[in-house]
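All remarks here apply to the structure that follows.
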Amino acid sequence: MGGDMPDSLPANILARPGQTLHSHLLHVAELSQQFADRFGAGPWAQACGLLHDIGKASGKFQERVRGNAALHVDHSTAGARHAAANWGGAGRLLAYCVAGHHSGLPDGRSNEDSCLERRLDPARRRLEDCSAWRNVLAGLAEPAPPPAAAWPFDTRPEGLGFRLAFFVRMVFSCLVDADRLDAEAAGDSESLERSARRSGYPGIGALLTRLDAALQEKTKAAKPSEVNRVRAEVLAACREKAELTPGLFSLTVPTGGGKTLSSLAFALEHAKRHGLSRIIYVIPFTSIIEQNAKVFREALGDIDGEFVVEHHSNLAPAEDAGDDRPHPATENWDAPVIITTAVQFFESLFSHKAGRCRKLHNLANSVIILDEAQMLPVPYLRPCLEALRELTATYRASVVLCTATQPALNAPNPSENGGEGLKGGLVGVREIMPSPVALHAALKRVQVRILGELSDADLAARLAEERQVLCIVNTRRQARRLYDALRARPGALDGLFHLSALMCPQHRTATLERIRLALKEKRPCRVVSTTLVEAGVDVDFPVVYRAAGGIDSIAQAAGRCNREGLLEHGEVFVFQPENGLPPGHFRRTAQAARSVLEKHRADLLHPDAVREYFLELYWKVETGRDGLDTKDILERLGHDASRGWFPFKTIGQEFQLIENATQGLLIPYDEAARNVVRALDALERGERAGGLLRRAQRHSISLYTRELERLEHEGAVRRAGPGGQFFVLCNMSLYSPEVGLDVFRDDPGVQMPEDLIAG
């Protein structure tokens, strides 16, 4: 790559129109280094920044940047080759980052021409002469390999492959974010506007002051009660433990104990004391992200969503535009408070895509709260735990496992619980609450009773006898079947409601408002719901029925019963459905619950019962065919690590928490939804849907592709928007004001894939 600048090249080599390559490489190197300095890898990221675009110093690329857009030039491989050829093993790691800064991290070795091994081989891929890059950087220090002692992580052989791969992703994140931020700052007026929106965030200290004021007002307005007294103790404990050094924490608080705002108080206090940069709040379900965001924005005084940013997997911020487009922080999580989903969080940690990895470096020096931590994906549990362990061990993050039913994620410890624990589990997790057992006793508001098998008819009869009751079942089909059985009973329509994910969010919100009003006015209120009501939905019933499931699910159901402790005790009945349980998750968790039932029949929700349940569940899964690492991710990352080969792209494609493809179906439920449909239809080919997509989410449901194709074949669904890329329900007779989309109208006896969806 040595030599003088070819005479055919203009003296002023460009990275893009209006920006010199010299300026771009320098700015990206500086910004990358700043990002990586936070976890001790500044020299690594600086080297990536200086090398990432040296391939643009070719005559052919300069033709392209000056107007010949039809030319295709590989400008990423040149820097990767320089690093790998000159800097040994460290250079190989940097080569992944440089080669993939647009297309994504490649596999090290594969049968594809895009793998790193083939891209580094001059015999397999010819590159344009870009030797002029040295002239571009004239006067600057030669790009240099990182110092030999610059490994910022534990280099012991055990698990080293995972740590090396994780490190590559973090450096890659620094490079990608710096590259895109520099392009944004040098772009057109719209890009400059986006760049401006990234500045001016309030500091952690200012946010803590705002939260303190909001919590004081909330305390003043709270009525004296035992539940509110305990909530105050939870908050006090969170504030006290915030002074502990960063690392792994658990926060075990029964449902209704105020853990949402208390965990935020811990996070902000902890971040202020230890100089951490942001709070990342991870929730298990998309359905409640707006609810949590609203709570945080009200508490922190961010009505317009400028620094409390929500981001989940259904949002495509890079493709959005328009007045209500997502905040730029959804791209790189540089805002002080991020609320996201487990799907977005964990899939990003194992992704190969540049857009998804871009935000990872902002996990360093952050507080990560995993709300409902018992929902960690069991088939990927081991790689997820390794990622959490690495974030706390190397990248100075604090992770809080926040839940009412703490999963047994601790490694075996001879001094605790008789030495029982999860093989390969977490070490050094500190519980924030002084005594979860005492807290459980103080907030015990229900009695759990185990029933036998109940037919739909018998269950409907029992529900009809109750004036106010919630019944939660495992599948959409069972919810519909039971609702129909109740509806057929004389007088049962009075105060009868149905909830499922076949109702669009706007519809569910309206139904929940009617339910809450009926409960408040003490009118008849009988609700049949799928498990979506357990996802943090704030309702308070005197009686709850729950189809058999895991102890964590039963505890979530119990959290909708006597929530405010106004009754001496609420009643929770657990029953076996007459048609049994769906295979897979529901059946496995119910079996694990049964195995600990006899020992803890007096209090099935006791923390000891919860711990034994999770140990039983993990043991059954670990010894079964599914395992706790179904894709062998840990083994594959360690297989060729000594030679620097990692299957980044393959793992990124396979790490899918929701593996069955679904499509969104827009429901013209009200005038707002119909306006969205009309706007989509009015778009010209090539126009972006912009903020329409975000508004459409409130009026959409998710269906498996097979079911959507069936509805389209029947003429019930049409395509909308440029190229027909969106689906709209056009036969509204299939959408009921009571139950939503009626997908069970033709073949009620057939088991459908949708039946396996929790909600």
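Every chain in the structure tokens takes a letter, A first, then B, and so on in the order presented; its residues are numbered from 1, and the ligands are numbered from 1 following the presented order.
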With only C-alpha atoms counted and 12 Å as the cut-off, give the residues of range 225-293 of chain A in contact with range 555-572 of chain A, each with its shortest interatomic distance in Å and the pair that gives it, as a Markdown table.
```
| residue | atom | partner | partner_atom | distance |
| --- | --- | --- | --- | --- |
| A:Ser225 | CA | A:Gly565 | CA | 8.2 |
| A:Glu226 | CA | A:Gly565 | CA | 7.7 |
| A:Val227 | CA | A:Gly565 | CA | 6.4 |
| A:Asn228 | CA | A:Glu564 | CA | 8.5 |
| A:Arg229 | CA | A:Gly565 | CA | 11.5 |
| A:Val230 | CA | A:Gly565 | CA | 11.3 |
| A:Arg231 | CA | A:Glu564 | CA | 11.0 |
| A:Val253 | CA | A:Gly559 | CA | 11.3 |
| A:Pro254 | CA | A:Gly559 | CA | 7.8 |
| A:Thr255 | CA | A:Gly559 | CA | 5.0 |
| A:Gly256 | CA | A:Arg563 | CA | 6.0 |
| A:Gly257 | CA | A:Arg563 | CA | 9.1 |
| A:Gly258 | CA | A:Glu564 | CA | 10.9 |
```
Restrict the selected residues to N, CA, C and O atoms and save them as a CSV table (one decimal), in the first residue's frame.
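Output saved as part-v7.csv:
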```
chain,number,residue,atom,x,y,z
A,225,SER,N,-51.3,3.6,54.2
A,225,SER,CA,-51.6,2.2,54.1
A,225,SER,C,-50.4,1.3,54.4
A,225,SER,O,-49.2,1.8,54.2
A,226,GLU,N,-50.6,0.1,54.6
A,226,GLU,CA,-49.4,-0.8,54.8
A,226,GLU,C,-48.6,-1.0,53.5
A,226,GLU,O,-47.4,-1.0,53.5
A,227,VAL,N,-49.3,-1.0,52.4
A,227,VAL,CA,-48.7,-1.2,51.1
A,227,VAL,C,-47.8,0.1,50.8
A,227,VAL,O,-46.6,-0.1,50.4
A,228,ASN,N,-48.3,1.2,51.1
A,228,ASN,CA,-47.5,2.5,50.8
A,228,ASN,C,-46.4,2.6,51.8
A,228,ASN,O,-45.3,3.1,51.5
A,229,ARG,N,-46.5,2.1,53.0
A,229,ARG,CA,-45.4,2.1,54.0
A,229,ARG,C,-44.3,1.2,53.5
A,229,ARG,O,-43.1,1.6,53.5
A,230,VAL,N,-44.6,0.0,53.0
A,230,VAL,CA,-43.6,-0.9,52.4
A,230,VAL,C,-43.0,-0.3,51.2
A,230,VAL,O,-41.7,-0.4,51.0
A,231,ARG,N,-43.8,0.4,50.3
A,231,ARG,CA,-43.2,1.0,49.2
A,231,ARG,C,-42.1,2.0,49.5
A,231,ARG,O,-41.1,2.2,48.9
A,253,VAL,N,-38.6,-7.5,44.6
A,253,VAL,CA,-39.7,-6.7,45.2
A,253,VAL,C,-41.0,-7.3,44.6
A,253,VAL,O,-41.2,-7.4,43.4
A,254,PRO,N,-41.9,-7.8,45.5
A,254,PRO,CA,-43.2,-8.3,45.0
A,254,PRO,C,-44.0,-7.3,44.1
A,254,PRO,O,-43.8,-6.1,44.3
A,255,THR,N,-44.8,-7.8,43.2
A,255,THR,CA,-45.6,-7.0,42.3
A,255,THR,C,-46.4,-6.0,43.2
A,255,THR,O,-47.0,-6.4,44.2
A,256,GLY,N,-46.4,-4.8,42.8
A,256,GLY,CA,-47.1,-3.7,43.5
A,256,GLY,C,-46.3,-3.1,44.6
A,256,GLY,O,-46.8,-2.2,45.3
A,257,GLY,N,-45.0,-3.4,44.7
A,257,GLY,CA,-44.2,-2.9,45.7
A,257,GLY,C,-43.5,-1.6,45.3
A,257,GLY,O,-42.6,-1.1,46.0
A,258,GLY,N,-43.8,-1.1,44.1
A,258,GLY,CA,-43.2,0.2,43.7
A,258,GLY,C,-41.8,0.1,43.1
A,258,GLY,O,-41.0,1.0,43.2
```
Could you pull the residues within 12 Å of Arg636 in chain A, counting only C-alpha atoms, minus those fewer than 5 positions along the same chain, as a PDB file with N, CA and C atoms, in the first residue's frame?
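Okay, selection.pdb is ready:
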```pdb
ATOM      1  N   ASP A 107     -18.326 -13.156   8.998  1.00  0.00           N
ATOM      2  CA  ASP A 107     -17.761 -14.373   9.573  1.00  0.00           C
ATOM      3  C   ASP A 107     -16.262 -14.395   9.290  1.00  0.00           C
ATOM      4  N   GLY A 108     -15.499 -15.013  10.189  1.00  0.00           N
ATOM      5  CA  GLY A 108     -14.074 -15.134   9.937  1.00  0.00           C
ATOM      6  C   GLY A 108     -13.799 -16.039   8.767  1.00  0.00           C
ATOM      7  N   GLY A 159     -13.179 -19.068  28.492  1.00  0.00           N
ATOM      8  CA  GLY A 159     -14.118 -18.057  28.032  1.00  0.00           C
ATOM      9  C   GLY A 159     -13.489 -16.929  27.244  1.00  0.00           C
ATOM     10  N   LEU A 160     -12.212 -17.060  26.868  1.00  0.00           N
ATOM     11  CA  LEU A 160     -11.531 -15.964  26.187  1.00  0.00           C
ATOM     12  C   LEU A 160     -12.154 -15.680  24.820  1.00  0.00           C
ATOM     13  N   GLY A 161     -12.612 -16.712  24.130  1.00  0.00           N
ATOM     14  CA  GLY A 161     -13.225 -16.508  22.823  1.00  0.00           C
ATOM     15  C   GLY A 161     -14.424 -15.577  22.899  1.00  0.00           C
ATOM     16  N   PHE A 162     -15.266 -15.777  23.908  1.00  0.00           N
ATOM     17  CA  PHE A 162     -16.430 -14.904  24.062  1.00  0.00           C
ATOM     18  C   PHE A 162     -15.991 -13.476  24.340  1.00  0.00           C
ATOM     19  N   ALA A 165     -14.606 -11.771  21.197  1.00  0.00           N
ATOM     20  CA  ALA A 165     -15.675 -11.429  20.256  1.00  0.00           C
ATOM     21  C   ALA A 165     -16.492 -10.248  20.770  1.00  0.00           C
ATOM     22  N   PRO A 383     -25.463 -17.527  26.908  1.00  0.00           N
ATOM     23  CA  PRO A 383     -24.812 -16.382  26.262  1.00  0.00           C
ATOM     24  C   PRO A 383     -25.290 -15.041  26.815  1.00  0.00           C
ATOM     25  N   ASP A 629     -28.339 -22.988  25.816  1.00  0.00           N
ATOM     26  CA  ASP A 629     -27.628 -22.326  24.724  1.00  0.00           C
ATOM     27  C   ASP A 629     -27.914 -23.134  23.468  1.00  0.00           C
ATOM     28  N   THR A 630     -29.144 -22.972  22.958  1.00  0.00           N
ATOM     29  CA  THR A 630     -29.625 -23.858  21.901  1.00  0.00           C
ATOM     30  C   THR A 630     -28.809 -23.764  20.615  1.00  0.00           C
ATOM     31  N   LYS A 631     -28.190 -22.632  20.364  1.00  0.00           N
ATOM     32  CA  LYS A 631     -27.424 -22.453  19.125  1.00  0.00           C
ATOM     33  C   LYS A 631     -25.927 -22.665  19.333  1.00  0.00           C
ATOM     34  N   ALA A 641     -11.055 -19.331  18.320  1.00  0.00           N
ATOM     35  CA  ALA A 641     -10.659 -18.030  18.870  1.00  0.00           C
ATOM     36  C   ALA A 641      -9.153 -17.834  18.871  1.00  0.00           C
ATOM     37  N   TRP A 645     -10.617 -16.387  14.406  1.00  0.00           N
ATOM     38  CA  TRP A 645     -11.768 -16.576  13.518  1.00  0.00           C
ATOM     39  C   TRP A 645     -13.046 -16.656  14.363  1.00  0.00           C
ATOM     40  N   PHE A 646     -14.018 -15.807  14.058  1.00  0.00           N
ATOM     41  CA  PHE A 646     -15.285 -15.777  14.789  1.00  0.00           C
ATOM     42  C   PHE A 646     -16.455 -15.748  13.801  1.00  0.00           C
ATOM     43  N   PRO A 647     -17.520 -16.498  14.072  1.00  0.00           N
ATOM     44  CA  PRO A 647     -18.678 -16.521  13.160  1.00  0.00           C
ATOM     45  C   PRO A 647     -19.671 -15.393  13.464  1.00  0.00           C
ATOM     46  N   PHE A 648     -19.235 -14.137  13.366  1.00  0.00           N
ATOM     47  CA  PHE A 648     -20.087 -13.009  13.742  1.00  0.00           C
ATOM     48  C   PHE A 648     -21.397 -12.983  12.963  1.00  0.00           C
ATOM     49  N   THR A 650     -22.963 -15.332  11.184  1.00  0.00           N
ATOM     50  CA  THR A 650     -23.829 -16.491  11.405  1.00  0.00           C
ATOM     51  C   THR A 650     -24.551 -16.379  12.740  1.00  0.00           C
ATOM     52  N   ILE A 651     -23.830 -16.021  13.786  1.00  0.00           N
ATOM     53  CA  ILE A 651     -24.461 -15.890  15.098  1.00  0.00           C
ATOM     54  C   ILE A 651     -25.476 -14.757  15.087  1.00  0.00           C
TER      55      ILE A 651
END
```
Worksheet item: Near Leu94 in chain A, within 8 Å and counting only C-alpha atoms, which residues show up once chain neighbours fewer than 2 positions away are dropped, as number ranges by chain?
Response: A: 44, 48, 80, 83-84, 90-92, 96-98, 168
Take the selection from the previous step and output its residues with C-alpha atoms, as a CSV table (one decimal), in the first residue's frame.
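Dumped to selection-v2.csv:
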```
chain,number,residue,atom,x,y,z
A,44,TRP,CA,-7.8,0.2,19.2
A,48,CYS,CA,-9.9,1.7,13.2
A,80,ALA,CA,-8.7,-4.3,7.0
A,83,ALA,CA,-4.3,-4.0,9.9
A,84,ALA,CA,-4.2,-7.8,9.5
A,90,ALA,CA,-4.6,-7.6,17.2
A,91,GLY,CA,-4.7,-6.5,13.5
A,92,ARG,CA,-7.0,-9.5,12.7
A,96,TYR,CA,-13.3,-7.3,11.4
A,97,CYS,CA,-14.3,-3.8,12.4
A,98,VAL,CA,-12.8,-2.0,9.4
A,168,VAL,CA,-14.6,-6.7,18.8
```
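Coordinates place CA of Val309 in chain A at a distance of 10.4 Å from CA of Lys294 in chain A.
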Practice prompt. Taking the chain letters and numbering used in this document, name the residues of range 195-340 of chain A that DSSP puts in strand (DSSP E), as a list in words.
Written response: Leu248, Phe249, Ser250, Leu251, Thr252, Arg278, Ile279, Ile280, Tyr281, Val282, Ile283, Val308, Val309, Glu310, His311, Val337, Ile338, Ile339 and Thr340 of chain A
Each residue of range 437-503 of chain A lying at most 10 Å from range 596-608 of chain A should get a row with its shortest atom-to-atom pair and the distance in Å to one decimal, counting only C-alpha atoms; could you produce that, ordered by chain and increasing number, as JSON lines?
```
{"residue": "A:Val437", "atom": "CA", "partner": "A:Pro607", "partner_atom": "CA", "distance": 6.3}
{"residue": "A:Ala438", "atom": "CA", "partner": "A:Pro607", "partner_atom": "CA", "distance": 9.9}
{"residue": "A:Leu439", "atom": "CA", "partner": "A:Pro607", "partner_atom": "CA", "distance": 9.9}
{"residue": "A:His440", "atom": "CA", "partner": "A:His606", "partner_atom": "CA", "distance": 7.0}
{"residue": "A:Ala441", "atom": "CA", "partner": "A:His606", "partner_atom": "CA", "distance": 8.3}
{"residue": "A:Lys444", "atom": "CA", "partner": "A:Leu605", "partner_atom": "CA", "distance": 9.1}
{"residue": "A:Val446", "atom": "CA", "partner": "A:Leu605", "partner_atom": "CA", "distance": 9.8}
{"residue": "A:Gln447", "atom": "CA", "partner": "A:Asp603", "partner_atom": "CA", "distance": 7.9}
{"residue": "A:Val448", "atom": "CA", "partner": "A:Leu604", "partner_atom": "CA", "distance": 7.1}
{"residue": "A:Arg449", "atom": "CA", "partner": "A:Arg601", "partner_atom": "CA", "distance": 8.5}
{"residue": "A:Ile450", "atom": "CA", "partner": "A:Arg601", "partner_atom": "CA", "distance": 8.4}
```
Could you write out that same residue set with N, CA, C and O atoms as a PDB file, in the first residue's frame?
```pdb
ATOM      1  N   VAL A 437     -37.401 -12.043  51.905  1.00  0.00           N
ATOM      2  CA  VAL A 437     -38.393 -12.903  52.568  1.00  0.00           C
ATOM      3  C   VAL A 437     -39.325 -12.063  53.429  1.00  0.00           C
ATOM      4  O   VAL A 437     -40.555 -12.224  53.394  1.00  0.00           O
ATOM      5  N   ALA A 438     -38.760 -11.140  54.219  1.00  0.00           N
ATOM      6  CA  ALA A 438     -39.594 -10.264  55.051  1.00  0.00           C
ATOM      7  C   ALA A 438     -40.471  -9.368  54.185  1.00  0.00           C
ATOM      8  O   ALA A 438     -41.637  -9.102  54.520  1.00  0.00           O
ATOM      9  N   LEU A 439     -39.927  -8.896  53.074  1.00  0.00           N
ATOM     10  CA  LEU A 439     -40.706  -8.044  52.177  1.00  0.00           C
ATOM     11  C   LEU A 439     -41.867  -8.826  51.569  1.00  0.00           C
ATOM     12  O   LEU A 439     -42.987  -8.303  51.440  1.00  0.00           O
ATOM     13  N   HIS A 440     -41.617 -10.070  51.212  1.00  0.00           N
ATOM     14  CA  HIS A 440     -42.681 -10.921  50.682  1.00  0.00           C
ATOM     15  C   HIS A 440     -43.801 -11.075  51.707  1.00  0.00           C
ATOM     16  O   HIS A 440     -44.989 -10.965  51.365  1.00  0.00           O
ATOM     17  N   ALA A 441     -43.421 -11.307  52.948  1.00  0.00           N
ATOM     18  CA  ALA A 441     -44.442 -11.466  54.000  1.00  0.00           C
ATOM     19  C   ALA A 441     -45.231 -10.177  54.189  1.00  0.00           C
ATOM     20  O   ALA A 441     -46.458 -10.203  54.358  1.00  0.00           O
ATOM     21  N   LYS A 444     -47.675  -9.729  51.259  1.00  0.00           N
ATOM     22  CA  LYS A 444     -48.502 -10.875  50.898  1.00  0.00           C
ATOM     23  C   LYS A 444     -49.966 -10.467  50.991  1.00  0.00           C
ATOM     24  O   LYS A 444     -50.491 -10.215  52.071  1.00  0.00           O
ATOM     25  N   VAL A 446     -52.470 -12.127  48.870  1.00  0.00           N
ATOM     26  CA  VAL A 446     -53.351 -13.111  48.233  1.00  0.00           C
ATOM     27  C   VAL A 446     -53.124 -14.491  48.822  1.00  0.00           C
ATOM     28  O   VAL A 446     -52.075 -14.769  49.423  1.00  0.00           O
ATOM     29  N   GLN A 447     -54.118 -15.336  48.665  1.00  0.00           N
ATOM     30  CA  GLN A 447     -53.995 -16.761  48.929  1.00  0.00           C
ATOM     31  C   GLN A 447     -54.082 -17.497  47.599  1.00  0.00           C
ATOM     32  O   GLN A 447     -54.999 -17.255  46.809  1.00  0.00           O
ATOM     33  N   VAL A 448     -53.117 -18.366  47.350  1.00  0.00           N
ATOM     34  CA  VAL A 448     -53.102 -19.134  46.106  1.00  0.00           C
ATOM     35  C   VAL A 448     -53.666 -20.516  46.386  1.00  0.00           C
ATOM     36  O   VAL A 448     -53.184 -21.230  47.272  1.00  0.00           O
ATOM     37  N   ARG A 449     -54.672 -20.909  45.625  1.00  0.00           N
ATOM     38  CA  ARG A 449     -55.306 -22.222  45.787  1.00  0.00           C
ATOM     39  C   ARG A 449     -55.161 -22.995  44.485  1.00  0.00           C
ATOM     40  O   ARG A 449     -55.402 -22.458  43.407  1.00  0.00           O
ATOM     41  N   ILE A 450     -54.751 -24.247  44.616  1.00  0.00           N
ATOM     42  CA  ILE A 450     -54.531 -25.093  43.446  1.00  0.00           C
ATOM     43  C   ILE A 450     -55.768 -25.939  43.201  1.00  0.00           C
ATOM     44  O   ILE A 450     -56.191 -26.714  44.068  1.00  0.00           O
TER      45      ILE A 450
END
```
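The closest residue to Tyr618 in chain A, picked from A:Ile667, A:Leu422, A:Met503, A:Ile658 and counting only C-alpha atoms, is A:Leu422.
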